[in-house]
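**Q** Dropping in data-v4.cif, with mmCIF, N, CA and C atoms.
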data_work
#
loop_
_atom_site.label_atom_id
_atom_site.label_comp_id
_atom_site.auth_asym_id
_atom_site.auth_seq_id
_atom_site.Cartn_x
_atom_site.Cartn_y
_atom_site.Cartn_z
N MET A 1 0.85 -1.19 0.00
CA MET A 1 0.00 0.00 0.00
C MET A 1 0.88 1.24 0.00
N LYS A 2 0.52 2.20 -0.80
CA LYS A 2 1.27 3.44 -0.91
C LYS A 2 0.90 4.40 0.21
N ALA A 3 1.81 5.30 0.51
CA ALA A 3 1.54 6.36 1.47
C ALA A 3 0.64 7.41 0.81
N ALA A 4 -0.06 8.16 1.63
CA ALA A 4 -0.99 9.18 1.12
C ALA A 4 -0.24 10.25 0.33
N GLN A 5 1.00 10.55 0.73
CA GLN A 5 1.79 11.56 0.02
C GLN A 5 2.22 11.07 -1.35
N ASP A 6 2.28 9.76 -1.56
CA ASP A 6 2.63 9.22 -2.87
C ASP A 6 1.44 9.19 -3.81
N ILE A 7 0.23 9.25 -3.28
CA ILE A 7 -0.98 9.21 -4.11
C ILE A 7 -1.39 10.62 -4.52
N ILE A 8 -1.50 11.54 -3.56
CA ILE A 8 -1.86 12.93 -3.84
C ILE A 8 -0.56 13.68 -4.12
N LEU A 9 -0.33 14.07 -5.39
CA LEU A 9 0.93 14.69 -5.76
C LEU A 9 0.92 16.20 -5.54
N LYS A 10 -0.12 16.88 -6.04
CA LYS A 10 -0.21 18.32 -5.84
C LYS A 10 -1.61 18.80 -6.19
N PRO A 11 -2.02 19.96 -5.68
CA PRO A 11 -3.33 20.50 -6.06
C PRO A 11 -3.26 21.12 -7.45
N VAL A 12 -4.40 21.13 -8.11
CA VAL A 12 -4.52 21.79 -9.41
C VAL A 12 -5.17 23.15 -9.17
N ILE A 13 -4.43 24.21 -9.48
CA ILE A 13 -4.90 25.57 -9.22
C ILE A 13 -5.19 26.24 -10.57
N THR A 14 -6.44 26.18 -11.00
CA THR A 14 -6.87 26.84 -12.22
C THR A 14 -8.16 27.60 -11.92
N GLU A 15 -8.58 28.40 -12.85
CA GLU A 15 -9.81 29.16 -12.66
C GLU A 15 -11.01 28.23 -12.54
N ALA A 16 -11.05 27.19 -13.34
CA ALA A 16 -12.17 26.24 -13.30
C ALA A 16 -12.17 25.44 -11.99
N SER A 17 -10.99 25.04 -11.53
CA SER A 17 -10.95 24.26 -10.29
C SER A 17 -11.27 25.14 -9.08
N MET A 18 -10.94 26.41 -9.12
CA MET A 18 -11.25 27.30 -8.01
C MET A 18 -12.76 27.59 -7.94
N SER A 19 -13.45 27.55 -9.07
CA SER A 19 -14.90 27.78 -9.04
C SER A 19 -15.63 26.58 -8.43
N GLY A 20 -15.01 25.40 -8.43
CA GLY A 20 -15.63 24.22 -7.83
C GLY A 20 -15.57 24.19 -6.33
N ILE A 21 -14.75 25.04 -5.73
CA ILE A 21 -14.61 25.04 -4.27
C ILE A 21 -15.93 25.44 -3.59
N ALA A 22 -16.73 26.27 -4.24
CA ALA A 22 -18.02 26.66 -3.66
C ALA A 22 -18.94 25.44 -3.50
N ASP A 23 -18.79 24.44 -4.36
CA ASP A 23 -19.58 23.21 -4.28
C ASP A 23 -18.86 22.12 -3.51
N MET A 24 -17.76 22.48 -2.80
CA MET A 24 -16.93 21.55 -2.03
C MET A 24 -16.29 20.49 -2.93
N LYS A 25 -15.84 20.93 -4.11
CA LYS A 25 -15.11 20.05 -5.04
C LYS A 25 -13.68 20.56 -5.15
N TYR A 26 -12.74 19.68 -4.88
CA TYR A 26 -11.32 20.02 -4.89
C TYR A 26 -10.60 19.16 -5.92
N THR A 27 -9.65 19.75 -6.65
CA THR A 27 -8.98 19.07 -7.74
C THR A 27 -7.52 18.83 -7.38
N PHE A 28 -7.05 17.60 -7.63
CA PHE A 28 -5.68 17.22 -7.32
C PHE A 28 -5.06 16.46 -8.49
N LYS A 29 -3.74 16.60 -8.63
CA LYS A 29 -2.98 15.74 -9.52
C LYS A 29 -2.59 14.52 -8.69
N VAL A 30 -2.90 13.31 -9.19
CA VAL A 30 -2.68 12.10 -8.41
C VAL A 30 -1.80 11.13 -9.20
N ALA A 31 -1.35 10.09 -8.52
CA ALA A 31 -0.53 9.06 -9.16
C ALA A 31 -1.35 8.35 -10.23
N LYS A 32 -0.70 8.00 -11.34
CA LYS A 32 -1.41 7.41 -12.46
C LYS A 32 -2.00 6.04 -12.14
N ASP A 33 -1.39 5.32 -11.19
CA ASP A 33 -1.89 3.98 -10.89
C ASP A 33 -2.82 3.95 -9.68
N ALA A 34 -3.21 5.11 -9.16
CA ALA A 34 -4.10 5.17 -7.99
C ALA A 34 -5.56 5.02 -8.44
N ASN A 35 -6.35 4.29 -7.64
CA ASN A 35 -7.77 4.16 -7.95
C ASN A 35 -8.57 5.09 -7.04
N LYS A 36 -9.89 5.13 -7.24
CA LYS A 36 -10.74 6.08 -6.53
C LYS A 36 -10.76 5.83 -5.02
N ILE A 37 -10.73 4.56 -4.62
CA ILE A 37 -10.75 4.23 -3.19
C ILE A 37 -9.48 4.71 -2.52
N GLU A 38 -8.33 4.48 -3.17
CA GLU A 38 -7.05 4.94 -2.61
C GLU A 38 -6.99 6.45 -2.52
N ILE A 39 -7.52 7.14 -3.53
CA ILE A 39 -7.52 8.60 -3.55
C ILE A 39 -8.39 9.14 -2.41
N ALA A 40 -9.57 8.56 -2.20
CA ALA A 40 -10.47 9.01 -1.14
C ALA A 40 -9.82 8.82 0.24
N LYS A 41 -9.19 7.67 0.47
CA LYS A 41 -8.53 7.42 1.75
C LYS A 41 -7.36 8.37 1.97
N ALA A 42 -6.60 8.67 0.90
CA ALA A 42 -5.46 9.57 1.02
C ALA A 42 -5.90 10.99 1.38
N VAL A 43 -6.97 11.48 0.76
CA VAL A 43 -7.47 12.82 1.05
C VAL A 43 -7.99 12.89 2.48
N GLU A 44 -8.71 11.86 2.91
CA GLU A 44 -9.22 11.83 4.28
C GLU A 44 -8.07 11.82 5.29
N GLU A 45 -7.00 11.08 4.98
CA GLU A 45 -5.87 11.00 5.90
C GLU A 45 -5.07 12.30 5.95
N LEU A 46 -4.82 12.90 4.78
CA LEU A 46 -3.98 14.10 4.73
C LEU A 46 -4.68 15.33 5.29
N PHE A 47 -5.96 15.51 4.98
CA PHE A 47 -6.64 16.76 5.30
C PHE A 47 -7.68 16.62 6.42
N GLY A 48 -7.98 15.41 6.88
CA GLY A 48 -8.93 15.22 7.96
C GLY A 48 -10.35 15.59 7.59
N VAL A 49 -10.78 15.25 6.39
CA VAL A 49 -12.13 15.56 5.91
C VAL A 49 -12.84 14.26 5.55
N LYS A 50 -14.14 14.33 5.27
CA LYS A 50 -14.93 13.18 4.87
C LYS A 50 -15.25 13.31 3.38
N VAL A 51 -14.83 12.33 2.59
CA VAL A 51 -15.01 12.35 1.13
C VAL A 51 -16.32 11.65 0.77
N ALA A 52 -17.12 12.30 -0.08
CA ALA A 52 -18.37 11.72 -0.55
C ALA A 52 -18.18 11.02 -1.89
N LYS A 53 -17.39 11.63 -2.79
CA LYS A 53 -17.29 11.10 -4.16
C LYS A 53 -15.96 11.50 -4.76
N VAL A 54 -15.44 10.65 -5.66
CA VAL A 54 -14.19 10.92 -6.37
C VAL A 54 -14.42 10.67 -7.85
N ASN A 55 -14.11 11.65 -8.67
CA ASN A 55 -14.13 11.50 -10.12
C ASN A 55 -12.69 11.60 -10.62
N THR A 56 -12.29 10.69 -11.50
CA THR A 56 -10.92 10.70 -12.03
C THR A 56 -10.95 10.81 -13.54
N MET A 57 -9.86 11.36 -14.08
CA MET A 57 -9.71 11.42 -15.54
C MET A 57 -8.23 11.38 -15.88
N ASN A 58 -7.92 10.70 -16.95
CA ASN A 58 -6.55 10.64 -17.45
C ASN A 58 -6.36 11.78 -18.44
N CYS A 59 -5.38 12.63 -18.21
CA CYS A 59 -5.10 13.77 -19.06
C CYS A 59 -3.91 13.39 -19.97
N ARG A 60 -4.14 13.42 -21.23
CA ARG A 60 -3.13 13.02 -22.20
C ARG A 60 -2.08 14.11 -22.34
N GLY A 61 -0.83 13.72 -22.56
CA GLY A 61 0.23 14.68 -22.79
C GLY A 61 0.05 15.38 -24.13
N ARG A 62 0.51 16.60 -24.21
CA ARG A 62 0.35 17.38 -25.44
C ARG A 62 1.65 17.43 -26.21
N GLN A 63 1.53 17.66 -27.48
CA GLN A 63 2.71 17.78 -28.33
C GLN A 63 3.27 19.19 -28.20
N LYS A 64 4.56 19.28 -27.95
CA LYS A 64 5.24 20.57 -27.81
C LYS A 64 6.40 20.61 -28.78
N ARG A 65 6.69 21.80 -29.28
CA ARG A 65 7.82 21.99 -30.19
C ARG A 65 8.84 22.89 -29.54
N MET A 66 10.09 22.56 -29.77
CA MET A 66 11.20 23.39 -29.34
C MET A 66 12.07 23.57 -30.57
N GLY A 67 11.75 24.61 -31.35
CA GLY A 67 12.44 24.78 -32.63
C GLY A 67 11.95 23.74 -33.61
N MET A 68 12.87 22.98 -34.16
CA MET A 68 12.45 21.95 -35.12
C MET A 68 12.23 20.60 -34.45
N HIS A 69 12.50 20.50 -33.17
CA HIS A 69 12.33 19.24 -32.45
C HIS A 69 10.93 19.18 -31.84
N VAL A 70 10.33 18.00 -31.93
CA VAL A 70 8.97 17.81 -31.42
C VAL A 70 9.03 16.80 -30.28
N GLY A 71 8.33 17.10 -29.21
CA GLY A 71 8.27 16.20 -28.07
C GLY A 71 6.89 16.20 -27.46
N MET A 72 6.72 15.44 -26.40
CA MET A 72 5.43 15.35 -25.73
C MET A 72 5.59 15.72 -24.26
N THR A 73 4.60 16.42 -23.71
CA THR A 73 4.56 16.64 -22.28
C THR A 73 4.03 15.35 -21.64
N PRO A 74 4.36 15.09 -20.40
CA PRO A 74 3.93 13.82 -19.80
C PRO A 74 2.42 13.78 -19.56
N SER A 75 1.85 12.59 -19.68
CA SER A 75 0.44 12.41 -19.35
C SER A 75 0.33 12.29 -17.83
N TRP A 76 -0.86 12.60 -17.28
CA TRP A 76 -1.06 12.59 -15.85
C TRP A 76 -2.51 12.28 -15.53
N LYS A 77 -2.81 12.07 -14.26
CA LYS A 77 -4.16 11.73 -13.82
C LYS A 77 -4.67 12.81 -12.89
N LYS A 78 -5.92 13.22 -13.10
CA LYS A 78 -6.54 14.27 -12.30
C LYS A 78 -7.71 13.67 -11.53
N ALA A 79 -7.87 14.08 -10.28
CA ALA A 79 -8.99 13.62 -9.45
C ALA A 79 -9.75 14.83 -8.92
N ILE A 80 -11.08 14.80 -9.08
CA ILE A 80 -11.95 15.83 -8.52
C ILE A 80 -12.66 15.18 -7.33
N VAL A 81 -12.35 15.67 -6.13
CA VAL A 81 -12.84 15.08 -4.89
C VAL A 81 -13.97 15.95 -4.36
N THR A 82 -15.15 15.34 -4.15
CA THR A 82 -16.29 16.03 -3.57
C THR A 82 -16.39 15.63 -2.11
N LEU A 83 -16.47 16.63 -1.23
CA LEU A 83 -16.54 16.36 0.20
C LEU A 83 -18.00 16.15 0.63
N ALA A 84 -18.18 15.45 1.74
CA ALA A 84 -19.51 15.18 2.28
C ALA A 84 -20.12 16.47 2.82
N GLU A 85 -21.44 16.45 3.05
CA GLU A 85 -22.18 17.64 3.49
C GLU A 85 -21.65 18.23 4.77
N GLY A 86 -21.49 17.44 5.81
CA GLY A 86 -21.11 17.97 7.11
C GLY A 86 -19.61 18.12 7.30
N SER A 87 -18.83 17.87 6.26
CA SER A 87 -17.37 17.90 6.38
C SER A 87 -16.85 19.32 6.40
N LYS A 88 -15.70 19.50 7.04
CA LYS A 88 -15.06 20.81 7.03
C LYS A 88 -14.34 21.01 5.69
N THR A 89 -13.91 22.22 5.42
CA THR A 89 -13.23 22.52 4.16
C THR A 89 -11.74 22.22 4.31
N ILE A 90 -11.04 22.18 3.17
CA ILE A 90 -9.60 21.99 3.18
C ILE A 90 -8.96 23.37 3.31
N GLU A 91 -8.19 23.57 4.39
CA GLU A 91 -7.68 24.89 4.72
C GLU A 91 -6.68 25.43 3.69
N PHE A 92 -6.00 24.52 2.98
CA PHE A 92 -5.02 24.95 1.97
C PHE A 92 -5.68 25.82 0.91
N PHE A 93 -6.89 25.45 0.50
CA PHE A 93 -7.58 26.18 -0.56
C PHE A 93 -8.30 27.43 -0.04
N ASP A 94 -8.53 27.53 1.27
CA ASP A 94 -9.25 28.68 1.82
C ASP A 94 -8.49 29.97 1.64
N GLY A 95 -7.17 29.93 1.69
CA GLY A 95 -6.36 31.13 1.54
C GLY A 95 -6.34 31.67 0.12
N MET A 96 -6.79 30.88 -0.84
CA MET A 96 -6.73 31.28 -2.25
C MET A 96 -8.01 31.96 -2.71
N MET A 97 -9.05 31.87 -1.94
CA MET A 97 -10.34 32.45 -2.36
C MET A 97 -10.45 33.88 -1.90
#
The structure in this file should be written as structure tokens.

**A**
Amino acid sequence: MKAAQDIILKPVITEASMSGIADMKYTFKVAKDANKIEIAKAVEELFGVKVAKVNTMNCRGRQKRMGMHVGMTPSWKKAIVTLAEGSKTIEFFDGMM
């Protein structure tokens, strides 16, 4: 079993993800091999909240050019975590609103 810090890699801070905070939806970049159950347990352990639902999506890497050379950015996995009704908020995101 992986540690919670190995599953939740970093928060995703975009305009769209910040608008989801009002609905208690938080977005994270997660390990590619993590499943929804592992993600929910990791968020509960790291932040001390109650998770209601987890949605995941695989984000494909994009093609980038550097002069005449073409390469790809790495693919990654994104998780949108919805907290339960009576749960507290994640304090890390409170300072950004």

**Q** With distances taken over only N, CA and C atoms, which residue among A:Lys77, A:Lys50, A:Lys88, A:His69 lies nearest A:Lys29?

**A** A:Lys77

**Q** As a check of understanding, name the residues that the PyMOL selection byres (((chain A and resi 42-45 and name CA) around 12) and name CA) selects in the supplied structure, as a PDB file with N, CA and C atoms, keeping the file's coordinate frame.

**A**
ATOM      1  N   MET A   1       0.850  -1.190   0.000  1.00  0.00           N
ATOM      2  CA  MET A   1       0.000   0.000   0.000  1.00  0.00           C
ATOM      3  C   MET A   1       0.880   1.240   0.000  1.00  0.00           C
ATOM      4  N   LYS A   2       0.520   2.200  -0.800  1.00  0.00           N
ATOM      5  CA  LYS A   2       1.270   3.440  -0.910  1.00  0.00           C
ATOM      6  C   LYS A   2       0.900   4.400   0.210  1.00  0.00           C
ATOM      7  N   ALA A   3       1.810   5.300   0.510  1.00  0.00           N
ATOM      8  CA  ALA A   3       1.540   6.360   1.470  1.00  0.00           C
ATOM      9  C   ALA A   3       0.640   7.410   0.810  1.00  0.00           C
ATOM     10  N   ALA A   4      -0.060   8.160   1.630  1.00  0.00           N
ATOM     11  CA  ALA A   4      -0.990   9.180   1.120  1.00  0.00           C
ATOM     12  C   ALA A   4      -0.240  10.250   0.330  1.00  0.00           C
ATOM     13  N   GLN A   5       1.000  10.550   0.730  1.00  0.00           N
ATOM     14  CA  GLN A   5       1.790  11.560   0.020  1.00  0.00           C
ATOM     15  C   GLN A   5       2.220  11.070  -1.350  1.00  0.00           C
ATOM     16  N   ASP A   6       2.280   9.760  -1.560  1.00  0.00           N
ATOM     17  CA  ASP A   6       2.630   9.220  -2.870  1.00  0.00           C
ATOM     18  C   ASP A   6       1.440   9.190  -3.810  1.00  0.00           C
ATOM     19  N   ILE A   7       0.230   9.250  -3.280  1.00  0.00           N
ATOM     20  CA  ILE A   7      -0.980   9.210  -4.110  1.00  0.00           C
ATOM     21  C   ILE A   7      -1.390  10.620  -4.520  1.00  0.00           C
ATOM     22  N   ILE A   8      -1.500  11.540  -3.560  1.00  0.00           N
ATOM     23  CA  ILE A   8      -1.860  12.930  -3.840  1.00  0.00           C
ATOM     24  C   ILE A   8      -0.560  13.680  -4.120  1.00  0.00           C
ATOM     25  N   LEU A   9      -0.330  14.070  -5.390  1.00  0.00           N
ATOM     26  CA  LEU A   9       0.930  14.690  -5.760  1.00  0.00           C
ATOM     27  C   LEU A   9       0.920  16.200  -5.540  1.00  0.00           C
ATOM     28  N   LYS A  10      -0.120  16.880  -6.040  1.00  0.00           N
ATOM     29  CA  LYS A  10      -0.210  18.320  -5.840  1.00  0.00           C
ATOM     30  C   LYS A  10      -1.610  18.800  -6.190  1.00  0.00           C
ATOM     31  N   PRO A  11      -2.020  19.960  -5.680  1.00  0.00           N
ATOM     32  CA  PRO A  11      -3.330  20.500  -6.060  1.00  0.00           C
ATOM     33  C   PRO A  11      -3.260  21.120  -7.450  1.00  0.00           C
ATOM     34  N   TYR A  26     -12.740  19.680  -4.880  1.00  0.00           N
ATOM     35  CA  TYR A  26     -11.320  20.020  -4.890  1.00  0.00           C
ATOM     36  C   TYR A  26     -10.600  19.160  -5.920  1.00  0.00           C
ATOM     37  N   THR A  27      -9.650  19.750  -6.650  1.00  0.00           N
ATOM     38  CA  THR A  27      -8.980  19.070  -7.740  1.00  0.00           C
ATOM     39  C   THR A  27      -7.520  18.830  -7.380  1.00  0.00           C
ATOM     40  N   PHE A  28      -7.050  17.600  -7.630  1.00  0.00           N
ATOM     41  CA  PHE A  28      -5.680  17.220  -7.320  1.00  0.00           C
ATOM     42  C   PHE A  28      -5.060  16.460  -8.490  1.00  0.00           C
ATOM     43  N   LYS A  29      -3.740  16.600  -8.630  1.00  0.00           N
ATOM     44  CA  LYS A  29      -2.980  15.740  -9.520  1.00  0.00           C
ATOM     45  C   LYS A  29      -2.590  14.520  -8.690  1.00  0.00           C
ATOM     46  N   VAL A  30      -2.900  13.310  -9.190  1.00  0.00           N
ATOM     47  CA  VAL A  30      -2.680  12.100  -8.410  1.00  0.00           C
ATOM     48  C   VAL A  30      -1.800  11.130  -9.200  1.00  0.00           C
ATOM     49  N   ALA A  31      -1.350  10.090  -8.520  1.00  0.00           N
ATOM     50  CA  ALA A  31      -0.530   9.060  -9.160  1.00  0.00           C
ATOM     51  C   ALA A  31      -1.350   8.350 -10.230  1.00  0.00           C
ATOM     52  N   ALA A  34      -3.210   5.110  -9.160  1.00  0.00           N
ATOM     53  CA  ALA A  34      -4.100   5.170  -7.990  1.00  0.00           C
ATOM     54  C   ALA A  34      -5.560   5.020  -8.440  1.00  0.00           C
ATOM     55  N   ASN A  35      -6.350   4.290  -7.640  1.00  0.00           N
ATOM     56  CA  ASN A  35      -7.770   4.160  -7.950  1.00  0.00           C
ATOM     57  C   ASN A  35      -8.570   5.090  -7.040  1.00  0.00           C
ATOM     58  N   LYS A  36      -9.890   5.130  -7.240  1.00  0.00           N
ATOM     59  CA  LYS A  36     -10.740   6.080  -6.530  1.00  0.00           C
ATOM     60  C   LYS A  36     -10.760   5.830  -5.020  1.00  0.00           C
ATOM     61  N   ILE A  37     -10.730   4.560  -4.620  1.00  0.00           N
ATOM     62  CA  ILE A  37     -10.750   4.230  -3.190  1.00  0.00           C
ATOM     63  C   ILE A  37      -9.480   4.710  -2.520  1.00  0.00           C
ATOM     64  N   GLU A  38      -8.330   4.480  -3.170  1.00  0.00           N
ATOM     65  CA  GLU A  38      -7.050   4.940  -2.610  1.00  0.00           C
ATOM     66  C   GLU A  38      -6.990   6.450  -2.520  1.00  0.00           C
ATOM     67  N   ILE A  39      -7.520   7.140  -3.530  1.00  0.00           N
ATOM     68  CA  ILE A  39      -7.520   8.600  -3.550  1.00  0.00           C
ATOM     69  C   ILE A  39      -8.390   9.140  -2.410  1.00  0.00           C
ATOM     70  N   ALA A  40      -9.570   8.560  -2.200  1.00  0.00           N
ATOM     71  CA  ALA A  40     -10.470   9.010  -1.140  1.00  0.00           C
ATOM     72  C   ALA A  40      -9.820   8.820   0.240  1.00  0.00           C
ATOM     73  N   LYS A  41      -9.190   7.670   0.470  1.00  0.00           N
ATOM     74  CA  LYS A  41      -8.530   7.420   1.750  1.00  0.00           C
ATOM     75  C   LYS A  41      -7.360   8.370   1.970  1.00  0.00           C
ATOM     76  N   LEU A  46      -4.820  12.900   4.780  1.00  0.00           N
ATOM     77  CA  LEU A  46      -3.980  14.100   4.730  1.00  0.00           C
ATOM     78  C   LEU A  46      -4.680  15.330   5.290  1.00  0.00           C
ATOM     79  N   PHE A  47      -5.960  15.510   4.980  1.00  0.00           N
ATOM     80  CA  PHE A  47      -6.640  16.760   5.300  1.00  0.00           C
ATOM     81  C   PHE A  47      -7.680  16.620   6.420  1.00  0.00           C
ATOM     82  N   GLY A  48      -7.980  15.410   6.880  1.00  0.00           N
ATOM     83  CA  GLY A  48      -8.930  15.220   7.960  1.00  0.00           C
ATOM     84  C   GLY A  48     -10.350  15.590   7.590  1.00  0.00           C
ATOM     85  N   VAL A  49     -10.780  15.250   6.390  1.00  0.00           N
ATOM     86  CA  VAL A  49     -12.130  15.560   5.910  1.00  0.00           C
ATOM     87  C   VAL A  49     -12.840  14.260   5.550  1.00  0.00           C
ATOM     88  N   LYS A  50     -14.140  14.330   5.270  1.00  0.00           N
ATOM     89  CA  LYS A  50     -14.930  13.180   4.870  1.00  0.00           C
ATOM     90  C   LYS A  50     -15.250  13.310   3.380  1.00  0.00           C
ATOM     91  N   VAL A  51     -14.830  12.330   2.590  1.00  0.00           N
ATOM     92  CA  VAL A  51     -15.010  12.350   1.130  1.00  0.00           C
ATOM     93  C   VAL A  51     -16.320  11.650   0.770  1.00  0.00           C
ATOM     94  N   ALA A  52     -17.120  12.300  -0.080  1.00  0.00           N
ATOM     95  CA  ALA A  52     -18.370  11.720  -0.550  1.00  0.00           C
ATOM     96  C   ALA A  52     -18.180  11.020  -1.890  1.00  0.00           C
ATOM     97  N   LYS A  53     -17.390  11.630  -2.790  1.00  0.00           N
ATOM     98  CA  LYS A  53     -17.290  11.100  -4.160  1.00  0.00           C
ATOM     99  C   LYS A  53     -15.960  11.500  -4.760  1.00  0.00           C
ATOM    100  N   VAL A  54     -15.440  10.650  -5.660  1.00  0.00           N
ATOM    101  CA  VAL A  54     -14.190  10.920  -6.370  1.00  0.00           C
ATOM    102  C   VAL A  54     -14.420  10.670  -7.850  1.00  0.00           C
ATOM    103  N   ALA A  79      -7.870  14.080 -10.280  1.00  0.00           N
ATOM    104  CA  ALA A  79      -8.990  13.620  -9.450  1.00  0.00           C
ATOM    105  C   ALA A  79      -9.750  14.830  -8.920  1.00  0.00           C
ATOM    106  N   ILE A  80     -11.080  14.800  -9.080  1.00  0.00           N
ATOM    107  CA  ILE A  80     -11.950  15.830  -8.520  1.00  0.00           C
ATOM    108  C   ILE A  80     -12.660  15.180  -7.330  1.00  0.00           C
ATOM    109  N   VAL A  81     -12.350  15.670  -6.130  1.00  0.00           N
ATOM    110  CA  VAL A  81     -12.840  15.080  -4.890  1.00  0.00           C
ATOM    111  C   VAL A  81     -13.970  15.950  -4.360  1.00  0.00           C
ATOM    112  N   THR A  82     -15.150  15.340  -4.150  1.00  0.00           N
ATOM    113  CA  THR A  82     -16.290  16.030  -3.570  1.00  0.00           C
ATOM    114  C   THR A  82     -16.390  15.630  -2.110  1.00  0.00           C
ATOM    115  N   LEU A  83     -16.470  16.630  -1.230  1.00  0.00           N
ATOM    116  CA  LEU A  83     -16.540  16.360   0.200  1.00  0.00           C
ATOM    117  C   LEU A  83     -18.000  16.150   0.630  1.00  0.00           C
ATOM    118  N   ALA A  84     -18.180  15.450   1.740  1.00  0.00           N
ATOM    119  CA  ALA A  84     -19.510  15.180   2.280  1.00  0.00           C
ATOM    120  C   ALA A  84     -20.120  16.470   2.820  1.00  0.00           C
ATOM    121  N   SER A  87     -18.830  17.870   6.260  1.00  0.00           N
ATOM    122  CA  SER A  87     -17.370  17.900   6.380  1.00  0.00           C
ATOM    123  C   SER A  87     -16.850  19.320   6.400  1.00  0.00           C
ATOM    124  N   LYS A  88     -15.700  19.500   7.040  1.00  0.00           N
ATOM    125  CA  LYS A  88     -15.060  20.810   7.030  1.00  0.00           C
ATOM    126  C   LYS A  88     -14.340  21.010   5.690  1.00  0.00           C
ATOM    127  N   THR A  89     -13.910  22.220   5.420  1.00  0.00           N
ATOM    128  CA  THR A  89     -13.230  22.520   4.160  1.00  0.00           C
ATOM    129  C   THR A  89     -11.740  22.220   4.310  1.00  0.00           C
ATOM    130  N   ILE A  90     -11.040  22.180   3.170  1.00  0.00           N
ATOM    131  CA  ILE A  90      -9.600  21.990   3.180  1.00  0.00           C
ATOM    132  C   ILE A  90      -8.960  23.370   3.310  1.00  0.00           C
TER     133      ILE A  90
END

**Q** Measure the distance from atom CA of A:Met96 to atom C of A:Ala16 in Å and round it to one decimal.

**A**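 Calculated distance between atom CA of A:Met96 and atom C of A:Ala16 is 12.6 Å.
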
**Q** So that I can check the secondary structure, give me every residue of chain A assigned alpha helix (DSSP H) by backbone DSSP, as a PyMOL selection string.

**A** chain A and resi 4-7+15-19+36-47+91-94

**Q** Would you give me, as a VMD selection string, the residues in chain A that DSSP reads as strand (DSSP E or B)?

**A** chain A and resid 8 to 11 25 to 30 51 to 59 63 to 66 69 to 72 76 to 83

**Q** Which residues are close to A:Thr73, i.e. within 8 Å by only C-alpha atoms, leaving aside same-chain residues fewer than 2 positions away? Reply as a VMD selection string.

**A** chain A and resid 61 to 64 71 75

**Q** Check the smallest atom-to-atom distance from each of A:Arg60, A:Lys78, A:Glu91, A:Asp33 to A:Ser17 using only C-alpha atoms, then report the winner.

**A** A:Lys78

**Q** Around all of stretch 43-59 of chain A's listed atoms, make the axis-aligned box with 5 Å on each side and tell me centre and edge lengths in Å to one decimal, as JSON.

**A**
{"center_x": -11.1, "center_y": 13.7, "center_z": -6.0, "size_x": 24.5, "size_y": 16.1, "size_z": 37.9}

**Q** Report the distance between atom CA of A:Met57 and atom N of A:Phe93 in Å, rounded to one decimal place.

**A**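 One can read the atom CA of A:Met57 to atom N of A:Phe93 distance as 21.5 Å.
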
**Q** Atom C of A:Trp76 and atom CA of A:Gly20, how far apart in Å?

**A** 19.3 Å
